[in-house]
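Heads up: the structure comes next, in structure tokens.
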There are 2 protein chains.
Amino acid sequence: MSLTNGPQAFPRSEYLRRVAAVKSEMARLNVEALFVNNPGNLTYLTGFLGRSSAPQCLVVSMQKEEPTFIVRPMDAAAAIYQSFLDRDSIVIYPENLVGNPDTDVYDAVIDFLHDAGLAKSGVGLEGYQLSARAAEKFMRRLPQARIVDVNRTVTWVRTVKSNLEIAVMKEVAAISDAAIMRAEEVIRPGVREPDVVAELLTTLTRGFNGKAGTSLPHVFLNAGPRSATSHICWTEETIEHGTHVNLELSGFRYAYAAPLSRTFSIGVPSDHLRRAHEAQLAGLEAALNAVRPGATCSDVAGAAYRAIEKRGFNKVSRCGYAVGIDWVEQTASLNELDKTELKPNMTFHLVLSNWMMREGDFGYVLSETIRVTESGVETLSAVPPKLFEI
Amino acid sequence: MSLTNGPQAFPRSEYLRRVAAVKSEMARLNVEALFVNNPGNLTYLTGFLGRSSAPQCLVVSMQKEEPTFIVRPMDAAAAIYQSFLDRDSIVIYPENLVGNPDTDVYDAVIDFLHDAGLAKSGVGLEGYQLSARAAEKFMRRLPQARIVDVNRTVTWVRTVKSNLEIAVMKEVAAISDAAIMRAEEVIRPGVREPDVVAELLTTLTRGFNGKAGTSLPHVFLNAGPRSATSHICWTEETIEHGTHVNLELSGFRYAYAAPLSRTFSIGVPSDHLRRAHEAQLAGLEAALNAVRPGATCSDVAGAAYRAIEKRGFNKVSRCGYAVGIDWVEQTASLNELDKTELKPNMTFHLVLSNWMMREGDFGYVLSETIRVTESGVETLSAVPPKLFEI
């Protein structure tokens with residue numbers, strides 16, 4: 001194959017820094033090999049951006065500087081082009097393991113562990129996306145290994161970003177900002193929701209300041225009677241005067257997200273909408289004031305909840321979560337039970353959105369992507385946290 | 001809550017037909033309750049289109065006509081609005097189960113099974129997305145249940161579409177067609193890849209003939225030296241004269257995809273590209289000729305492989321897979337090992353694309369979404385299977 005590494009999002013030293021951080025966790029867990037199949041973790045450790053219905057698998061070994069990427073034949077070229085890995089760190093498994101009821105990619109991974117002399121060592125398995133059936137296969141085919149469930153070990157390493165990662169997230173934040181500003185231009189009564197979304201996807205893909213979106217952007221647009229809904233994309237309905245539009249979106253660069261939410265009132269906001277905005281804005285400000293190294297997720301959430309309650313509202317959902325590759329990182333959570341300590345360069349999607357089920361099916365959205373700094377907090381977005389009026 | 005069922009993609013009778021088909025499988029497996037957490041299966045059985053990092057869970061019980069949707073508070077409004085379910089078939093679990101290391105949504109599901117008197121019966125667990133850790137929790141907290149791994153039972157029910165589903169897939173196919181025709185207008189030398197993709201996302205979202213895309217479309221654009229790559233979105237590079245662009249895309253309506261792939265030569269195609277096109281087109285024609293009720297996946301794949309080999313090429317990857325909600329259905333696979341028998345209204349993404357690793361990092365794409373008819377085959381797309389020349 002003549003294809004070589006293409007332009008990389010980060011230098012080799014950055015990937016090796018990440019791998020070293022994972023190996024340090026492996027040493028703590030006393031495992032010689034770590035099996036990774038969470039696509040976001042695979043991106044983090046290699047630069048590879050492919051997403052496919054066929055599992056993509058990585059093995060980090062204490063014996064070897066680079067991880068080994070065990071890849072489907074049709075994904076090999078992309079692995080070579082996008083990842084920082086040397087050609088001999090990419091193992092191509094037989095295509096007939098795809099869509100085959102009897103054997104699958106995990107057989108190729110287990111074969112690799114046997115061949116690499118790792119079948120009798122401690123082997124960490126990422127539990128996050130591994131089915132019970134696949135986990136059972138690892139147990140059965142590696143009877144002499146000491147299998148350790150390392151659920152989210154790599155994901156936790158991701159929570160503290162390097163300055164290089166922060167720089168990319170700022171590029172993405174500028175793209176998300178541009179889409180919110182575009183929304184102000186295109187949200188109008190009488191316009192179909194998909195026609196608004198098309199304009200936002202365009203902005204999120206073309207990008208900002210010469211930096212394009214490099215994978216599919218996400219937009220959630222919940223309008224009118226659907227303002228109480230979340231996590232659904234949009235409908236075929238038309239935007240109506242006297243309603244409001246909740247918008248949550250992000251561009252993506254090299255898989256990094258920087259989500260942002262704003263609410264758009266079509267016409268003069270109702271008193272209830274204005275009061276909700278003021279309560280959630282107070283919650284945002286209280287949360288931002290609480291963010292500093294040494295404070296906990298619980299402290300930040302508590303500050304937001306108290307500020308909201310003081311204004312007569314109640315928020316049930318958490319106030320956000322760790323953010324980075326693929327949007328949500330399944331680690332630190334901004335709720336009052338989570339005592340995770342904040343550290344500089346942790347990034348969060350701070351979500352003051354509030355879906356109020358007992359108040360006439362009403363929802364309002366407001367969020368920021370933030371970075372914990374040495375002394376406090378930085379919001380990556382430059383869009384004011386206002387209630388937009390169309 | 002005052003929100004009620006919104007406009008539905010399908011009538012209640014269609015959802016009940018699907019649920020009945022699943023119950024018939026449950027009877028065969030001798031289980032009283034079936035736990036479903038594959039988002040595509042949840043859409044299939046309820047109409048709900050939300051996608052979130054928090055698991056969404058459904059229980060189909062032999063005791064009850066409708067499934068029970070066990071949902072996060074912030075997703076409840078969307079569940080009520082989008083699904084066909086009555087309000088009392090939606091159970092809202094406590095928000096503090098999200099992002100909580102000790103308890104999770106599966107605890108809520110297990111509680112529900114206890115409360116519904118199903119804890120001592122046969123309980124089917126969808127193994128597809130269920131982690132080893134979650135499966136272990138079901139075992140531990142349901143010690144008197146007979147747990148059965150029903151990996152892909154619901155997904156298999158999805159393979160044969162109703163005429164109503166086919167009608168939606170044809171609407172999507174028209175949208176995918178429009179995007180390929182748009183690509184012919186906007187792919188030009190000197191244009192950045194993201195600028196092409198932005199135009200395609202616009203077409204896929206605005207839709208065709210008044211039918212919009214209702215969730216995020218997918219576009220894979222692999223150009224120039226990256227024609228050998230697959231499953232990566234696009235890059236920030238500029239399209240160059242004398243290269244070619246591989247495009248695979250789909251719009252989505254009510255979560256249904258109708259993928260389509262075409263290759264665009266920038267300038268006169270090289271002899272190698274033309275020969276590859278002719279070989280893969282011969283493969284497509286041979287495959288289409290082999291599709292009929294009673295033939296197998298293996299028959300179709302074999303016909304394609306033989307036609308391609310006859311023209312001096314070799315294709316390693318399979319020739320496609322069952323297609324429908326969320327693009328790939330993890331069931332029937334068009335490879336020579338798969339003896340699944342074709343039935344009327346099965347739908348496939350028939351993929352003649354070929355990534356040829358030993359031929360100078362060269363790839364060519366060509367695919368169709370097809371339906372098995374009573375007597376043969378129907379392609380849902382109206383775009384000719386040609387090599388486009390820009």
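Labeling convention for the structure tokens: chains A, B, ... as they appear, residues from 1 per chain, ligands from 1 in order of appearance.
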Chain A near chain B within 6 Å: what's each residue's closest atom pair and its distance in Å to one decimal, counting only C-alpha atoms, ordered by chain then ascending residue number, as a Markdown table?
```
| residue | atom | partner | partner_atom | distance |
| --- | --- | --- | --- | --- |
| A:Met1 | CA | B:Arg358 | CA | 5.9 |
| A:Gly50 | CA | B:Ile232 | CA | 4.5 |
| A:Arg51 | CA | B:His231 | CA | 5.8 |
| A:Asp75 | CA | B:Ser230 | CA | 5.9 |
| A:Ala77 | CA | B:Thr229 | CA | 5.0 |
| A:Ala78 | CA | B:Thr229 | CA | 4.7 |
| A:Gly99 | CA | B:Ser333 | CA | 5.8 |
| A:Leu130 | CA | B:Ser131 | CA | 5.4 |
| A:Ser131 | CA | B:Ser131 | CA | 4.6 |
| A:Ala132 | CA | B:Ala132 | CA | 3.9 |
| A:Pro194 | CA | B:Arg206 | CA | 5.6 |
| A:Asp195 | CA | B:Arg206 | CA | 5.5 |
| A:Ala198 | CA | B:Thr202 | CA | 4.6 |
| A:Thr202 | CA | B:Ala198 | CA | 4.6 |
| A:Thr205 | CA | B:Ala198 | CA | 5.6 |
| A:Arg206 | CA | B:Asp195 | CA | 5.5 |
| A:Thr214 | CA | B:Thr235 | CA | 5.8 |
| A:Ser215 | CA | B:Cys233 | CA | 5.5 |
| A:Ala228 | CA | B:Ala77 | CA | 5.9 |
| A:Thr229 | CA | B:Ala78 | CA | 4.7 |
| A:Ser230 | CA | B:Asp75 | CA | 5.9 |
| A:His231 | CA | B:Gly50 | CA | 5.1 |
| A:Ile232 | CA | B:Gly50 | CA | 4.5 |
| A:Cys233 | CA | B:Ser215 | CA | 5.4 |
| A:Thr235 | CA | B:Thr214 | CA | 5.8 |
| A:Ser333 | CA | B:Gly99 | CA | 5.8 |
| A:Arg358 | CA | B:Met1 | CA | 6.0 |
```
Practice prompt. Tell me which protein, DNA and RNA residues are within 12 Å of A:Gly302, counting only C-alpha atoms, leaving out same-chain ones fewer than 5 positions away, and put them as an MDAnalysis selection string.
Written response: chainID A and resid 283:284 286:291 295:297 307:309 315:316 318:319 334:339
For the reference chain A, what are the coordinates of chain B after least-squares fitting (all Cα, in-order pairing), as a compact mmCIF listing (two decimals) with C-alpha atoms, in the first residue's frame?
```txt
# COMPACT_ATOMS: atom_id res chain seq x y z
CA MET B 1 0.01 0.02 0.05
CA SER B 2 1.46 3.39 -0.94
CA LEU B 3 -0.86 5.57 1.16
CA THR B 4 0.89 7.14 4.15
CA ASN B 5 -0.11 9.22 7.16
CA GLY B 6 -2.07 12.25 5.99
CA PRO B 7 -2.25 15.66 7.70
CA GLN B 8 -2.71 15.06 11.43
CA ALA B 9 -4.82 17.05 13.84
CA PHE B 10 -2.07 16.71 16.46
CA PRO B 11 1.68 15.97 16.44
CA ARG B 12 2.94 12.47 17.21
CA SER B 13 4.16 13.71 20.61
CA GLU B 14 0.57 14.55 21.62
CA TYR B 15 -0.65 11.04 20.81
CA LEU B 16 2.29 9.48 22.66
CA ARG B 17 1.51 11.69 25.67
CA ARG B 18 -2.03 10.30 25.68
CA VAL B 19 -0.84 6.71 25.29
CA ALA B 20 1.64 7.23 28.14
CA ALA B 21 -1.15 8.52 30.38
CA VAL B 22 -3.16 5.38 29.62
CA LYS B 23 -0.13 3.16 30.30
CA SER B 24 0.28 4.84 33.66
CA GLU B 25 -3.31 3.80 34.49
CA MET B 26 -2.55 0.30 33.18
CA ALA B 27 0.42 0.05 35.54
CA ARG B 28 -1.86 1.05 38.41
CA LEU B 29 -4.35 -1.66 37.36
CA ASN B 30 -1.53 -4.18 36.84
CA VAL B 31 -2.53 -5.05 33.28
CA GLU B 32 -0.10 -5.68 30.43
CA ALA B 33 -2.66 -5.15 27.67
CA LEU B 34 -5.71 -2.93 27.37
CA PHE B 35 -8.48 -3.59 24.88
CA VAL B 36 -10.23 -0.39 23.68
CA ASN B 37 -13.36 -0.34 21.49
CA ASN B 38 -15.07 2.94 22.39
CA PRO B 39 -14.76 4.85 19.08
CA GLY B 40 -14.05 8.12 20.89
CA ASN B 41 -11.20 6.52 22.82
CA LEU B 42 -9.83 5.07 19.61
CA THR B 43 -9.85 8.56 18.08
CA TYR B 44 -8.16 9.94 21.19
CA LEU B 45 -5.33 7.41 21.08
CA THR B 46 -4.74 7.31 17.31
CA GLY B 47 -6.35 10.24 15.44
CA PHE B 48 -8.55 7.84 13.43
CA LEU B 49 -11.97 9.39 12.80
CA GLY B 50 -13.87 6.53 11.13
CA ARG B 51 -17.20 5.43 12.53
CA SER B 52 -18.78 2.22 11.31
CA SER B 53 -21.24 -0.44 12.36
CA ALA B 54 -18.35 -2.93 12.46
CA PRO B 55 -16.42 -2.67 15.75
CA GLN B 56 -12.99 -1.06 15.57
CA CYS B 57 -10.52 -2.29 18.14
CA LEU B 58 -7.28 -1.10 19.67
CA VAL B 59 -4.85 -2.89 21.97
CA VAL B 60 -2.49 -0.83 24.12
CA SER B 61 0.40 -3.03 25.26
CA MET B 62 3.03 -2.20 27.87
CA GLN B 63 5.58 -3.86 25.57
CA LYS B 64 5.11 -1.46 22.66
CA GLU B 65 5.30 2.33 22.26
CA GLU B 66 2.35 2.60 19.85
CA PRO B 67 -1.05 0.93 20.28
CA THR B 68 -2.02 -1.76 17.76
CA PHE B 69 -5.08 -0.99 15.65
CA ILE B 70 -6.98 -4.14 14.61
CA VAL B 71 -8.97 -3.04 11.63
CA ARG B 72 -11.33 -4.23 8.92
CA PRO B 73 -9.75 -4.41 5.42
CA MET B 74 -11.93 -1.64 4.01
CA ASP B 75 -11.01 0.64 6.92
CA ALA B 76 -7.26 0.01 6.67
CA ALA B 77 -6.56 2.84 4.24
CA ALA B 78 -8.36 5.35 6.48
CA ALA B 79 -6.48 4.00 9.51
CA ILE B 80 -3.17 4.51 7.73
CA TYR B 81 -4.14 7.96 6.45
CA GLN B 82 -5.69 9.42 9.59
CA SER B 83 -3.87 7.80 12.49
CA PHE B 84 -0.39 8.66 13.74
CA LEU B 85 0.47 4.95 13.80
CA ASP B 86 3.28 3.31 11.88
CA ARG B 87 2.17 0.87 9.22
CA ASP B 88 3.22 -2.14 11.33
CA SER B 89 0.94 -1.06 14.20
CA ILE B 90 -2.09 -1.68 11.97
CA VAL B 91 -3.30 -5.29 11.83
CA ILE B 92 -5.90 -6.07 9.16
CA TYR B 93 -8.39 -8.78 10.12
CA PRO B 94 -10.19 -11.00 7.58
CA GLU B 95 -13.26 -9.38 6.03
CA ASN B 96 -15.27 -12.58 6.55
CA LEU B 97 -15.44 -11.78 10.29
CA VAL B 98 -17.95 -8.99 9.45
CA GLY B 99 -21.61 -10.00 9.48
CA ASN B 100 -20.61 -13.54 10.42
CA PRO B 101 -22.71 -15.20 13.15
CA ASP B 102 -19.93 -17.56 14.34
CA THR B 103 -16.75 -15.51 14.52
CA ASP B 104 -16.20 -11.79 14.79
CA VAL B 105 -13.57 -9.11 15.23
CA TYR B 106 -13.10 -10.12 18.88
CA ASP B 107 -11.68 -13.42 17.65
CA ALA B 108 -9.08 -11.42 15.72
CA VAL B 109 -8.26 -9.41 18.86
CA ILE B 110 -7.92 -12.57 20.96
CA ASP B 111 -5.70 -14.15 18.28
CA PHE B 112 -3.55 -11.03 18.38
CA LEU B 113 -3.23 -11.23 22.18
CA HIS B 114 -2.13 -14.87 21.88
CA ASP B 115 0.38 -14.06 19.12
CA ALA B 116 1.78 -11.09 21.09
CA GLY B 117 2.38 -13.26 24.17
CA LEU B 118 -0.24 -11.37 26.17
CA ALA B 119 -2.66 -14.27 26.69
CA LYS B 120 -1.27 -15.11 30.12
CA SER B 121 -1.04 -11.55 31.44
CA GLY B 122 -3.46 -9.07 32.93
CA VAL B 123 -5.80 -7.92 30.16
CA GLY B 124 -8.03 -4.89 30.67
CA LEU B 125 -11.34 -4.89 28.80
CA GLU B 126 -13.25 -1.71 28.16
CA GLY B 127 -16.69 -2.66 29.45
CA TYR B 128 -18.47 0.37 28.04
CA GLN B 129 -19.47 -0.97 24.65
CA LEU B 130 -18.58 -4.63 25.03
CA SER B 131 -21.56 -6.97 24.91
CA ALA B 132 -21.98 -9.73 27.47
CA ARG B 133 -21.49 -12.21 24.64
CA ALA B 134 -18.17 -10.65 23.59
CA ALA B 135 -16.94 -10.43 27.19
CA GLU B 136 -17.72 -14.12 27.62
CA LYS B 137 -15.67 -14.90 24.51
CA PHE B 138 -12.65 -13.11 25.98
CA MET B 139 -13.02 -15.19 29.18
CA ARG B 140 -13.42 -18.43 27.27
CA ARG B 141 -10.63 -17.93 24.74
CA LEU B 142 -8.15 -16.39 27.22
CA PRO B 143 -8.44 -18.88 30.10
CA GLN B 144 -4.97 -18.06 31.47
CA ALA B 145 -5.35 -14.29 31.33
CA ARG B 146 -6.41 -12.22 34.31
CA ILE B 147 -9.29 -10.23 32.80
CA VAL B 148 -9.93 -6.84 34.42
CA ASP B 149 -12.97 -4.68 33.71
CA VAL B 150 -11.51 -1.25 32.96
CA ASN B 151 -14.78 0.47 32.19
CA ARG B 152 -14.03 4.11 31.25
CA THR B 153 -10.33 4.11 32.20
CA VAL B 154 -9.35 5.74 28.90
CA THR B 155 -12.40 8.00 28.96
CA TRP B 156 -11.29 9.34 32.35
CA VAL B 157 -7.82 10.08 30.95
CA ARG B 158 -9.56 12.24 28.33
CA THR B 159 -11.16 14.55 30.90
CA VAL B 160 -8.12 16.83 31.32
CA LYS B 161 -7.33 18.32 27.92
CA SER B 162 -3.95 19.43 26.59
CA ASN B 163 -3.58 22.98 25.33
CA LEU B 164 -3.57 21.55 21.81
CA GLU B 165 -6.98 19.99 22.39
CA ILE B 166 -8.28 23.24 23.90
CA ALA B 167 -7.14 25.08 20.77
CA VAL B 168 -9.19 22.72 18.57
CA MET B 169 -12.20 23.04 20.88
CA LYS B 170 -11.97 26.83 20.56
CA GLU B 171 -12.04 26.50 16.77
CA VAL B 172 -15.17 24.37 17.12
CA ALA B 173 -16.72 26.84 19.56
CA ALA B 174 -16.30 29.61 16.98
CA ILE B 175 -18.16 27.41 14.46
CA SER B 176 -20.99 26.71 16.93
CA ASP B 177 -21.17 30.46 17.63
CA ALA B 178 -21.48 31.17 13.91
CA ALA B 179 -24.40 28.75 13.67
CA ILE B 180 -26.26 30.43 16.54
CA MET B 181 -25.74 33.81 14.87
CA ARG B 182 -27.00 32.28 11.60
CA ALA B 183 -30.05 30.99 13.46
CA GLU B 184 -30.90 34.57 14.42
CA GLU B 185 -30.97 35.39 10.70
CA VAL B 186 -33.03 32.43 9.49
CA ILE B 187 -35.50 31.60 12.26
CA ARG B 188 -38.67 33.33 11.12
CA PRO B 189 -42.38 32.61 11.51
CA GLY B 190 -43.65 30.63 8.53
CA VAL B 191 -40.33 28.86 7.87
CA ARG B 192 -40.25 25.05 8.05
CA GLU B 193 -37.99 23.64 10.74
CA PRO B 194 -35.92 21.58 8.24
CA ASP B 195 -35.21 24.73 6.23
CA VAL B 196 -33.77 26.40 9.33
CA VAL B 197 -31.75 23.31 10.17
CA ALA B 198 -30.35 23.10 6.61
CA GLU B 199 -28.88 26.59 7.03
CA LEU B 200 -27.34 25.68 10.39
CA LEU B 201 -25.82 22.46 9.07
CA THR B 202 -24.30 24.52 6.25
CA THR B 203 -22.67 26.93 8.67
CA LEU B 204 -21.47 24.11 10.93
CA THR B 205 -19.89 22.31 7.96
CA ARG B 206 -18.38 25.25 6.06
CA GLY B 207 -17.00 26.39 9.41
CA PHE B 208 -15.56 29.70 10.49
CA ASN B 209 -12.38 31.61 9.75
CA GLY B 210 -11.10 28.97 7.31
CA LYS B 211 -11.56 26.14 9.83
CA ALA B 212 -14.22 23.74 8.55
CA GLY B 213 -16.33 21.19 10.32
CA THR B 214 -14.71 17.83 9.57
CA SER B 215 -17.54 15.49 10.46
CA LEU B 216 -21.32 15.53 10.70
CA PRO B 217 -22.60 18.38 12.87
CA HIS B 218 -25.48 17.93 15.31
CA VAL B 219 -28.53 20.14 15.60
CA PHE B 220 -31.50 19.69 17.92
CA LEU B 221 -34.33 22.14 17.18
CA ASN B 222 -37.39 21.84 19.43
CA ALA B 223 -40.04 24.43 18.73
CA GLY B 224 -43.58 25.41 19.61
CA PRO B 225 -45.46 22.68 21.51
CA ARG B 226 -42.25 20.61 21.39
CA SER B 227 -40.24 23.02 23.55
CA ALA B 228 -40.66 20.52 26.38
CA THR B 229 -38.92 17.82 24.33
CA SER B 230 -35.21 17.11 24.13
CA HIS B 231 -32.90 14.74 22.22
CA ILE B 232 -35.16 14.69 19.16
CA CYS B 233 -33.82 16.35 16.04
CA TRP B 234 -36.65 18.43 14.58
CA THR B 235 -39.98 17.92 12.82
CA GLU B 236 -41.53 18.89 9.49
CA GLU B 237 -43.63 21.61 11.16
CA THR B 238 -43.46 25.35 10.49
CA ILE B 239 -42.25 27.88 13.05
CA GLU B 240 -45.12 29.96 14.41
CA HIS B 241 -45.41 33.46 15.80
CA GLY B 242 -45.86 33.59 19.58
CA THR B 243 -43.86 30.41 20.23
CA HIS B 244 -40.20 29.83 20.97
CA VAL B 245 -37.45 27.70 19.49
CA ASN B 246 -34.92 25.77 21.56
CA LEU B 247 -31.67 25.19 19.74
CA GLU B 248 -28.79 22.96 20.85
CA LEU B 249 -26.00 22.39 18.36
CA SER B 250 -22.35 21.74 17.78
CA GLY B 251 -19.88 21.62 14.95
CA PHE B 252 -17.14 18.99 15.08
CA ARG B 253 -13.45 19.26 14.25
CA TYR B 254 -11.36 16.10 14.45
CA ALA B 255 -14.30 14.64 16.44
CA TYR B 256 -14.21 17.39 19.11
CA ALA B 257 -17.49 19.11 19.92
CA ALA B 258 -18.21 22.47 21.54
CA PRO B 259 -21.97 22.43 22.14
CA LEU B 260 -24.01 25.56 22.64
CA SER B 261 -27.71 26.13 23.37
CA ARG B 262 -29.82 29.25 23.01
CA THR B 263 -33.56 29.98 23.00
CA PHE B 264 -35.26 32.13 20.34
CA SER B 265 -38.58 33.81 21.10
CA ILE B 266 -40.71 34.40 18.01
CA GLY B 267 -42.21 37.75 18.94
CA VAL B 268 -42.24 39.29 22.40
CA PRO B 269 -41.45 36.60 25.00
CA SER B 270 -44.22 35.53 27.32
CA ASP B 271 -43.81 36.48 30.95
CA HIS B 272 -43.20 32.82 31.79
CA LEU B 273 -40.46 32.49 29.16
CA ARG B 274 -38.76 35.65 30.39
CA ARG B 275 -38.88 34.48 34.01
CA ALA B 276 -37.51 31.07 32.99
CA HIS B 277 -34.68 32.78 31.12
CA GLU B 278 -33.83 34.94 34.10
CA ALA B 279 -33.83 31.96 36.46
CA GLN B 280 -31.66 29.82 34.21
CA LEU B 281 -29.30 32.71 33.47
CA ALA B 282 -28.90 33.21 37.23
CA GLY B 283 -28.14 29.49 37.43
CA LEU B 284 -25.53 29.82 34.71
CA GLU B 285 -23.86 32.74 36.44
CA ALA B 286 -23.87 30.95 39.79
CA ALA B 287 -22.37 27.84 38.21
CA LEU B 288 -19.66 29.83 36.42
CA ASN B 289 -18.80 31.55 39.71
CA ALA B 290 -18.42 28.15 41.37
CA VAL B 291 -16.03 26.67 38.79
CA ARG B 292 -12.40 26.63 39.92
CA PRO B 293 -9.71 23.99 40.47
CA GLY B 294 -10.47 22.14 43.70
CA ALA B 295 -14.22 22.72 43.59
CA THR B 296 -16.31 19.65 42.77
CA CYS B 297 -18.95 18.85 40.17
CA SER B 298 -21.38 18.81 43.09
CA ASP B 299 -20.42 22.35 44.13
CA VAL B 300 -21.10 23.68 40.62
CA ALA B 301 -24.43 21.89 40.28
CA GLY B 302 -25.52 22.92 43.78
CA ALA B 303 -24.77 26.59 43.09
CA ALA B 304 -26.85 26.45 39.91
CA TYR B 305 -29.78 24.62 41.52
CA ARG B 306 -29.93 27.05 44.46
CA ALA B 307 -29.92 30.10 42.16
CA ILE B 308 -32.71 28.60 40.05
CA GLU B 309 -34.80 27.62 43.08
CA LYS B 310 -34.43 31.13 44.50
CA ARG B 311 -36.27 32.36 41.40
CA GLY B 312 -39.16 29.95 41.84
CA PHE B 313 -38.11 27.25 39.37
CA ASN B 314 -36.99 23.67 39.84
CA LYS B 315 -34.51 21.88 37.59
CA VAL B 316 -34.53 18.07 37.65
CA SER B 317 -31.86 17.29 35.07
CA ARG B 318 -28.15 17.53 35.76
CA CYS B 319 -26.27 20.76 34.96
CA GLY B 320 -23.93 19.22 32.42
CA TYR B 321 -21.16 16.74 31.84
CA ALA B 322 -17.59 16.39 30.64
CA VAL B 323 -17.34 17.24 26.94
CA GLY B 324 -14.81 16.62 24.19
CA ILE B 325 -14.59 13.92 21.51
CA ASP B 326 -18.04 12.81 20.27
CA TRP B 327 -19.79 15.42 22.52
CA VAL B 328 -20.59 13.64 25.84
CA GLU B 329 -17.74 12.04 27.78
CA GLN B 330 -19.22 9.43 30.12
CA THR B 331 -17.21 10.56 33.15
CA ALA B 332 -17.68 13.63 35.34
CA SER B 333 -21.30 14.71 35.66
CA LEU B 334 -22.47 18.07 36.99
CA ASN B 335 -24.92 16.75 39.55
CA GLU B 336 -24.93 17.05 43.31
CA LEU B 337 -23.91 13.41 43.86
CA ASP B 338 -20.71 13.70 41.80
CA LYS B 339 -17.75 14.65 43.97
CA THR B 340 -15.23 14.73 41.08
CA GLU B 341 -12.70 17.47 41.73
CA LEU B 342 -12.26 20.03 38.98
CA LYS B 343 -8.79 20.40 37.47
CA PRO B 344 -7.36 22.96 35.03
CA ASN B 345 -8.22 22.15 31.39
CA MET B 346 -11.18 19.96 32.21
CA THR B 347 -13.97 20.93 29.82
CA PHE B 348 -17.70 20.71 30.44
CA HIS B 349 -20.91 21.28 28.62
CA LEU B 350 -22.58 23.39 31.29
CA VAL B 351 -26.30 22.88 30.67
CA LEU B 352 -28.82 25.20 32.29
CA SER B 353 -31.60 24.03 29.99
CA ASN B 354 -34.76 23.13 31.83
CA TRP B 355 -37.56 20.87 30.66
CA MET B 356 -40.44 21.53 33.04
CA MET B 357 -42.97 18.79 32.80
CA ARG B 358 -45.47 20.15 35.24
CA GLU B 359 -45.54 23.67 33.83
CA GLY B 360 -47.59 23.29 30.66
CA ASP B 361 -45.03 21.28 28.73
CA PHE B 362 -42.54 24.07 28.69
CA GLY B 363 -38.82 23.95 27.99
CA TYR B 364 -36.08 26.54 27.79
CA VAL B 365 -32.45 25.95 26.75
CA LEU B 366 -29.21 27.69 27.66
CA SER B 367 -25.76 26.10 27.69
CA GLU B 368 -22.08 26.88 27.35
CA THR B 369 -18.95 24.86 26.70
CA ILE B 370 -16.50 25.84 29.43
CA ARG B 371 -12.90 25.23 30.41
CA VAL B 372 -11.62 25.10 33.97
CA THR B 373 -8.67 27.52 34.13
CA GLU B 374 -5.84 27.82 36.67
CA SER B 375 -7.94 30.22 38.71
CA GLY B 376 -11.55 29.89 37.56
CA VAL B 377 -13.40 29.40 34.33
CA GLU B 378 -13.41 30.36 30.66
CA THR B 379 -16.45 30.08 28.38
CA LEU B 380 -15.38 29.04 24.88
CA SER B 381 -18.33 30.75 23.21
CA ALA B 382 -18.54 34.48 22.50
CA VAL B 383 -22.32 34.51 21.96
CA PRO B 384 -24.07 36.40 24.79
CA PRO B 385 -26.23 34.19 27.03
CA LYS B 386 -29.35 36.10 26.09
CA LEU B 387 -32.90 35.18 25.15
CA PHE B 388 -32.95 35.95 21.42
CA GLU B 389 -36.01 37.81 20.14
CA ILE B 390 -37.00 37.39 16.49
```
Worksheet item: Running DSSP on the backbone, which parts of stretch 104-180 of chain B land in helix (DSSP H, G or I), as number ranges by chain?
Response: B: 105-115, 132-141, 153-157, 163-180
Discussion item. Run DSSP on the backbone and tell me which residues of stretch 17-153 of chain A come out as strand (DSSP E or B); list them as a PyMOL selection string.
Written reply: chain A and resi 33-36+57-61+68-71+90-92+122-125+131+146-149
